[in-house]
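Have a look at run_5.csv below; it lists CSV, C-alpha atoms and all ligand atoms.
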chain,number,residue,atom,x,y,z
A,1106,MET,CA,8.3,-13.1,13.5
A,1107,SER,CA,6.8,-10.0,11.9
A,1108,PHE,CA,3.1,-9.8,11.0
A,1109,LEU,CA,4.1,-9.5,7.3
A,1110,ASP,CA,7.4,-11.1,6.5
A,1111,ALA,CA,8.2,-10.9,2.8
A,1112,SER,CA,11.8,-12.2,2.7
A,1113,ASN,CA,14.4,-12.3,-0.1
A,1114,MET,CA,11.9,-11.7,-2.9
A,1115,THR,CA,13.5,-12.2,-6.3
A,1116,GLY,CA,11.6,-12.0,-9.5
A,1117,GLY,CA,10.2,-9.8,-12.3
A,1118,TYR,CA,8.4,-9.8,-15.6
A,1119,GLY,CA,9.3,-12.4,-18.1
A,1120,VAL,CA,13.0,-13.4,-18.0
A,1121,SER,CA,14.6,-10.4,-16.3
A,1122,ASP,CA,14.5,-10.0,-12.6
A,1123,ILE,CA,13.4,-6.6,-11.1
A,1124,LEU,CA,13.5,-7.6,-7.5
A,1125,HIS,CA,16.8,-8.9,-6.0
A,1126,ASP,CA,16.6,-10.4,-2.6
A,1127,CYS,CA,14.1,-7.7,-1.5
A,1128,THR,CA,12.8,-8.0,2.1
A,1129,LEU,CA,9.9,-6.1,3.5
A,1130,ARG,CA,8.5,-6.6,7.0
A,1131,VAL,CA,5.6,-5.0,8.9
A,1132,GLU,CA,4.7,-5.4,12.6
A,1133,LYS,CA,1.1,-5.5,13.8
A,1134,GLY,CA,-0.5,-2.1,13.8
A,1135,GLN,CA,2.6,-0.4,12.5
A,1136,ILE,CA,3.3,1.6,9.4
A,1137,ALA,CA,6.1,0.6,7.0
A,1138,VAL,CA,7.0,2.9,4.1
A,1139,ILE,CA,8.8,2.1,0.9
A,1140,VAL,CA,10.6,5.0,-0.8
A,1141,GLY,CA,13.0,5.1,-3.7
A,1142,PRO,CA,13.6,6.5,-7.2
A,1143,ASN,CA,11.2,6.0,-10.1
A,1144,GLY,CA,11.5,2.6,-11.5
A,1145,ALA,CA,13.2,1.2,-8.4
A,1146,GLY,CA,10.7,-1.6,-8.2
A,1147,LYS,CA,8.5,-0.3,-5.5
A,1148,SER,CA,5.2,-1.2,-7.2
A,1149,THR,CA,6.7,-4.5,-8.3
A,1150,ALA,CA,7.5,-5.3,-4.7
A,1151,MET,CA,4.0,-4.5,-3.7
A,1152,LYS,CA,2.6,-6.8,-6.5
A,1153,ALA,CA,5.0,-9.5,-5.3
A,1154,VAL,CA,3.7,-9.3,-1.7
A,1155,PHE,CA,0.1,-9.4,-3.1
A,1156,GLY,CA,0.8,-12.4,-5.3
A,1157,MET,CA,0.5,-10.7,-8.6
A,1158,LEU,CA,4.1,-11.5,-9.5
A,1159,LYS,CA,5.5,-15.0,-9.6
A,1160,LEU,CA,8.7,-15.1,-7.5
A,1161,ARG,CA,11.8,-17.1,-8.5
A,1162,GLY,CA,13.0,-16.9,-4.9
A,1163,GLY,CA,11.9,-15.8,-1.5
A,1164,SER,CA,8.7,-16.2,0.6
A,1165,VAL,CA,5.8,-14.3,2.0
A,1166,THR,CA,4.3,-15.1,5.3
A,1167,LEU,CA,1.3,-13.3,6.9
A,1168,ASP,CA,0.6,-13.8,10.6
A,1169,GLY,CA,2.9,-16.7,10.7
A,1170,GLU,CA,1.4,-18.5,7.7
A,1171,ASP,CA,3.3,-19.1,4.5
A,1172,ILE,CA,1.2,-17.6,1.7
A,1173,THR,CA,3.8,-17.6,-1.1
A,1174,ALA,CA,1.8,-20.0,-3.3
A,1175,LEU,CA,-1.6,-18.2,-2.9
A,1176,SER,CA,-3.3,-16.1,-5.5
A,1177,PRO,CA,-4.2,-12.4,-4.8
A,1178,GLN,CA,-7.8,-13.4,-4.2
A,1179,GLU,CA,-6.8,-16.0,-1.6
A,1180,ARG,CA,-4.5,-13.4,0.0
A,1181,VAL,CA,-7.5,-11.1,0.4
A,1182,ARG,CA,-9.3,-13.9,2.2
A,1183,LYS,CA,-6.2,-14.2,4.5
A,1184,GLY,CA,-6.4,-10.5,5.4
A,1185,MET,CA,-4.6,-8.5,2.7
A,1186,GLY,CA,-6.1,-5.3,1.2
A,1187,PHE,CA,-4.3,-3.7,-1.7
A,1188,VAL,CA,-4.8,-0.3,-3.2
A,1189,PRO,CA,-2.8,-0.2,-6.5
A,1190,GLN,CA,-1.0,2.8,-7.9
A,1191,VAL,CA,-3.4,3.2,-10.9
A,1192,ASN,CA,-7.0,2.3,-11.8
A,1193,ASN,CA,-7.9,1.9,-8.1
A,1194,VAL,CA,-11.6,2.9,-8.4
A,1195,PHE,CA,-14.4,2.2,-10.8
A,1196,PRO,CA,-15.0,5.7,-12.2
A,1197,THR,CA,-18.5,5.0,-13.7
A,1198,MET,CA,-19.8,3.5,-10.4
A,1199,THR,CA,-21.0,5.5,-7.5
A,1200,VAL,CA,-18.9,5.9,-4.3
A,1201,GLU,CA,-21.2,3.5,-2.5
A,1202,GLU,CA,-21.1,0.9,-5.4
A,1203,ASN,CA,-17.3,1.1,-5.2
A,1204,LEU,CA,-17.4,0.3,-1.5
A,1205,GLU,CA,-19.9,-2.5,-2.2
A,1206,MET,CA,-17.5,-4.0,-4.8
A,1207,GLY,CA,-14.8,-3.9,-2.2
A,1208,ALA,CA,-16.9,-6.2,0.0
A,1209,TYR,CA,-17.5,-8.7,-2.8
A,1210,ILE,CA,-15.8,-11.6,-1.0
A,1211,ARG,CA,-17.9,-11.1,2.2
A,1212,GLU,CA,-20.9,-13.2,2.8
A,1213,ASP,CA,-21.8,-11.5,6.1
A,1214,ASP,CA,-23.4,-8.1,6.7
A,1215,TYR,CA,-20.9,-5.4,5.7
A,1216,ARG,CA,-23.0,-2.4,6.6
A,1217,ASP,CA,-21.0,-1.8,9.8
A,1218,THR,CA,-17.8,-1.7,7.9
A,1219,MET,CA,-19.3,0.7,5.4
A,1220,GLU,CA,-20.4,2.9,8.3
A,1221,GLN,CA,-16.8,2.8,9.7
A,1222,VAL,CA,-15.5,3.9,6.3
A,1223,TYR,CA,-17.9,6.8,6.2
A,1224,GLU,CA,-16.9,7.8,9.7
A,1225,LEU,CA,-13.2,7.7,8.6
A,1226,PHE,CA,-14.0,9.7,5.4
A,1227,PRO,CA,-17.1,11.8,6.0
A,1228,ILE,CA,-17.0,13.3,2.5
A,1229,LEU,CA,-17.6,9.9,1.0
A,1230,ARG,CA,-21.0,9.7,2.9
A,1231,GLU,CA,-21.9,13.0,1.4
A,1232,LYS,CA,-20.9,12.0,-2.1
A,1233,ARG,CA,-22.1,8.4,-1.8
A,1234,HIS,CA,-24.4,8.6,-4.8
A,1235,GLN,CA,-21.9,10.4,-7.1
A,1236,HIS,CA,-19.8,8.6,-9.6
A,1237,ALA,CA,-16.3,8.1,-8.4
A,1238,GLY,CA,-15.0,9.6,-11.6
A,1239,GLU,CA,-16.5,13.0,-10.7
A,1240,LEU,CA,-14.6,13.3,-7.5
A,1241,SER,CA,-11.4,15.2,-6.8
A,1242,GLY,CA,-8.1,13.2,-6.8
A,1243,GLY,CA,-8.0,13.2,-3.0
A,1244,GLN,CA,-11.6,12.0,-2.7
A,1245,ARG,CA,-11.0,9.3,-5.3
A,1246,GLN,CA,-8.0,8.1,-3.2
A,1247,GLN,CA,-10.3,8.0,-0.2
A,1248,VAL,CA,-12.7,5.8,-2.2
A,1249,ALA,CA,-9.8,3.5,-3.1
A,1250,VAL,CA,-8.7,3.2,0.5
A,1251,GLY,CA,-12.3,2.8,1.7
A,1252,ARG,CA,-12.9,0.0,-0.8
A,1253,ALA,CA,-9.8,-1.9,0.4
A,1254,LEU,CA,-11.0,-1.5,4.0
A,1255,MET,CA,-14.4,-3.2,3.2
A,1256,THR,CA,-12.8,-6.7,3.4
A,1257,LYS,CA,-11.6,-5.8,7.0
A,1258,PRO,CA,-8.0,-6.4,6.1
A,1259,LYS,CA,-5.3,-7.0,8.7
A,1260,LEU,CA,-2.7,-5.7,6.4
A,1261,LEU,CA,-3.5,-2.7,4.2
A,1262,MET,CA,-1.1,-2.1,1.3
A,1263,LEU,CA,-1.1,1.3,-0.4
A,1264,ASP,CA,0.8,2.2,-3.6
A,1265,GLU,CA,1.3,6.0,-3.6
A,1266,PRO,CA,-2.0,6.9,-2.0
A,1267,THR,CA,-1.2,10.6,-2.1
A,1268,ALA,CA,-0.2,10.8,-5.8
A,1269,GLY,CA,-1.4,14.0,-7.4
A,1270,VAL,CA,-3.0,15.5,-4.3
A,1271,SER,CA,-2.3,18.8,-2.6
A,1272,PRO,CA,-0.1,19.0,0.6
A,1273,ILE,CA,-3.1,19.7,2.8
A,1274,VAL,CA,-5.0,16.7,1.4
A,1275,MET,CA,-1.8,14.6,1.8
A,1276,ASP,CA,-1.6,15.5,5.5
A,1277,GLU,CA,-5.2,14.6,6.0
A,1278,LEU,CA,-4.8,11.3,4.2
A,1279,PHE,CA,-1.7,10.5,6.3
A,1280,ASP,CA,-3.7,11.3,9.5
A,1281,ARG,CA,-6.4,8.9,8.4
A,1282,ILE,CA,-3.8,6.2,7.7
A,1283,ILE,CA,-2.4,6.6,11.2
A,1284,GLU,CA,-5.9,6.3,12.5
A,1285,VAL,CA,-6.3,3.0,10.6
A,1286,ALA,CA,-3.0,1.7,12.0
A,1287,ARG,CA,-4.1,2.6,15.6
A,1288,THR,CA,-7.0,0.1,15.1
A,1289,GLY,CA,-4.4,-2.7,14.8
A,1290,ILE,CA,-4.2,-2.9,11.0
A,1291,SER,CA,-0.7,-3.1,9.6
A,1292,ILE,CA,0.2,-0.6,6.8
A,1293,LEU,CA,2.6,-1.2,4.0
A,1294,MET,CA,2.8,2.0,1.9
A,1295,VAL,CA,4.8,3.2,-1.1
A,1296,GLU,CA,5.3,7.0,-1.1
A,1297,GLN,CA,6.7,9.6,-3.4
A,1298,ASN,CA,6.4,12.2,-0.7
A,1299,ALA,CA,9.4,10.6,1.1
A,1300,ARG,CA,10.0,13.0,3.9
A,1301,GLN,CA,6.4,13.3,5.0
A,1302,ALA,CA,5.9,9.6,4.7
A,1303,LEU,CA,9.0,8.7,6.7
A,1304,GLU,CA,7.8,11.0,9.4
A,1305,ILE,CA,4.8,8.7,10.1
A,1306,ALA,CA,6.8,5.5,9.4
A,1307,ASP,CA,7.7,3.0,12.1
A,1308,THR,CA,10.0,1.4,9.6
A,1309,GLY,CA,11.3,2.8,6.3
A,1310,TYR,CA,12.7,1.0,3.3
A,1311,VAL,CA,14.8,2.7,0.7
A,1312,LEU,CA,14.7,0.5,-2.4
A,1313,VAL,CA,17.1,1.0,-5.3
A,1314,GLN,CA,17.2,-1.2,-8.4
A,1315,GLY,CA,15.0,-3.8,-6.8
A,1316,ALA,CA,17.1,-4.2,-3.7
A,1317,ASN,CA,17.1,-3.0,-0.1
A,1318,LYS,CA,19.5,0.0,0.1
A,1319,TYR,CA,18.6,1.3,3.6
A,1320,THR,CA,16.3,0.0,6.2
A,1321,ASP,CA,15.7,1.7,9.6
A,1322,THR,CA,13.1,3.5,11.6
A,1323,GLY,CA,11.6,6.4,9.7
A,1324,ALA,CA,13.2,8.8,12.2
A,1325,ALA,CA,16.7,7.3,11.7
A,1326,LEU,CA,16.4,7.4,7.9
A,1327,MET,CA,15.4,11.1,8.1
A,1328,ALA,CA,18.4,11.8,10.3
A,1329,ASP,CA,20.9,9.9,8.1
A,1330,PRO,CA,23.0,12.4,6.1
A,1331,GLU,CA,23.6,10.0,3.3
A,1332,VAL,CA,19.9,9.1,2.9
A,1333,ARG,CA,19.0,12.8,3.2
A,1334,ARG,CA,21.4,13.9,0.5
A,1335,THR,CA,20.7,11.1,-1.9
A,1336,PHE,CA,16.9,10.5,-1.5
A,1337,LEU,CA,15.4,13.3,0.4
A,1338,GLY,CA,16.8,16.3,-1.5
A,1339,GLY,CA,19.3,17.3,1.2
D,1,LIG,N1,4.2,-5.0,-16.4
D,1,LIG,C1,5.6,-4.8,-16.6
D,1,LIG,N2,6.2,-5.5,-17.6
D,1,LIG,C2,7.6,-5.3,-17.8
D,1,LIG,N3,8.3,-4.5,-17.0
D,1,LIG,C3,7.7,-3.8,-16.1
D,1,LIG,C4,6.3,-3.9,-15.8
D,1,LIG,N4,6.0,-3.0,-14.8
D,1,LIG,C5,7.1,-2.4,-14.5
D,1,LIG,N5,8.2,-2.9,-15.2
D,1,LIG,C6,9.6,-2.4,-15.1
D,1,LIG,O1,10.0,-2.8,-13.8
D,1,LIG,C7,10.8,-1.8,-13.2
D,1,LIG,C8,10.3,-1.4,-11.9
D,1,LIG,O2,9.0,-0.7,-12.1
D,1,LIG,P1,8.1,-0.3,-10.9
D,1,LIG,O3,6.8,0.1,-11.5
D,1,LIG,O4,8.0,-1.5,-9.9
D,1,LIG,O5,8.9,0.9,-10.3
D,1,LIG,P2,8.4,1.9,-9.2
D,1,LIG,O6,9.5,2.0,-8.2
D,1,LIG,O7,7.1,1.6,-8.7
D,1,LIG,O8,8.4,3.3,-10.0
D,1,LIG,P3,7.4,4.6,-9.8
D,1,LIG,O9,8.1,5.4,-8.8
D,1,LIG,O10,7.5,5.3,-11.2
D,1,LIG,O11,6.0,4.2,-9.5
D,1,LIG,C9,10.9,-0.7,-14.3
D,1,LIG,O12,12.1,-0.8,-15.0
D,1,LIG,C10,9.7,-0.9,-15.1
D,1,LIG,O13,9.9,-0.5,-16.4
D,2,MG,MG,5.3,2.6,-8.7

Spell out the structure here as structure tokens.
Amino acid sequence: MSFLDASNMTGGYGVSDILHDCTLRVEKGQIAVIVGPNGAGKSTAMKAVFGMLKLRGGSVTLDGEDITALSPQERVRKGMGFVPQVNNVFPTMTVEENLEMGAYIREDDYRDTMEQVYELFPILREKRHQHAGELSGGQRQQVAVGRALMTKPKLLMLDEPTAGVSPIVMDELFDRIIEVARTGISILMVEQNARQALEIADTGYVLVQGANKYTDTGAALMADPEVRRTFLGG
């Protein structure tokens, strides 16, 4: 069984379903990437995995444990970290306060983890007393990822972590994400930069209208002429 196994998720907002039998799996220490057109339900699928959406069907298991009935907060305690697509930092708080907020569920000493975050993102140490709202887009995304890492998640979920950043900053952020995965943390990531993201993906999911359209290794999806033509711009 996969480390994260979100199987046959069906559900949406109110009466209409957005997700239709959507399945997402991530192995331990691997990177899974979700791509697909705007409005395909990528963020909705992430919310479903994190417990922010009530499912009409399907199940979510983490490390072999069925967590389908758990709240987002309980899922954090089980080892999920989630960086949402929008509003993922507190702009009027400093970088360090944002990281401290990330550790809110911890009762132990989190200074080691903060140190690890600063080693991963050295610019955040430099700017630790600045308000997050004053940082560049790429730096804010680092704060958001760092904040999620403060709970020492086993699965890190990122919804478009490179939105609005330059190609160079995107490459750097992807390198850091690979580094995180190498420590054994599983990554489930939604990305608009489909080609670049599939390049670092162990598994890629192409979602269309809330359903799995293609699932394969990142490399295989990149090599598939149909996927290239329809979703990767040729
Ligand atoms: N809170 C909400 N209430 C009702 N409908 C919603 C809500 N959030 C999203 N939707 C609808 O659900 C569908 C899927 O939206 P979702 O945000 O999951 O897509 P996405 O693939 O993440 O898109 P994008 O690439 O623009 O981020 C869309 O039709 C959207 O309008
Ligand atoms: Mg989205």

| request: Find the spatial neighbours of Asp1307 of chain A, counting only C-alpha atoms, within a cut-off of 7 Å - ignore same-chain residues fewer than 6 positions away - and output them as a list in words. | output: Gln1135, Ile1136, Ala1137, Thr1322 and Gly1323 of chain A

Can those selected residues be exported to a file as a PDB file, in the frame of the given file so that it contains C-alpha atoms?
ATOM      1  CA  GLN A1135       2.600  -0.400  12.500  1.00  0.00           C
ATOM      2  CA  ILE A1136       3.300   1.600   9.400  1.00  0.00           C
ATOM      3  CA  ALA A1137       6.100   0.600   7.000  1.00  0.00           C
ATOM      4  CA  THR A1322      13.100   3.500  11.600  1.00  0.00           C
ATOM      5  CA  GLY A1323      11.600   6.400   9.700  1.00  0.00           C
TER       6      GLY A1323
END

| query | Within 6 Å of ligand LIG 1 (chain D), counting all atoms listed in the file: which residues, as a PyMOL selection string? | reply | chain A and resi 1118+1123+1142-1149

| A:Glu1284, A:Glu1220, A:Asp1264, A:Asp1168: which is nearest ligand MG 2 (chain D), counting all atoms listed in the file? |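 Smallest distance to ligand MG 2 (chain D) is found for A:Asp1264.
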
| Arg1252 of chain A environment, 10 Å, all atoms listed in the file, sequence neighbours closer than 4 positions dropped, as a PyMOL selection string | chain A and resi 1186-1188+1193-1194+1200-1208+1219+1222+1246-1248+1256-1257

| Separation of atom CA of Thr1320 of chain A and atom CA of Val1138 of chain A, in Å? | 10.0 Å

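Comparing the minimum interatomic distances between Asn1298 of chain A and each of A:Asn1317, A:Tyr1310, A:Gly1116, A:Leu1337, counting all atoms listed in the file, we find that A:Leu1337 sits nearest.
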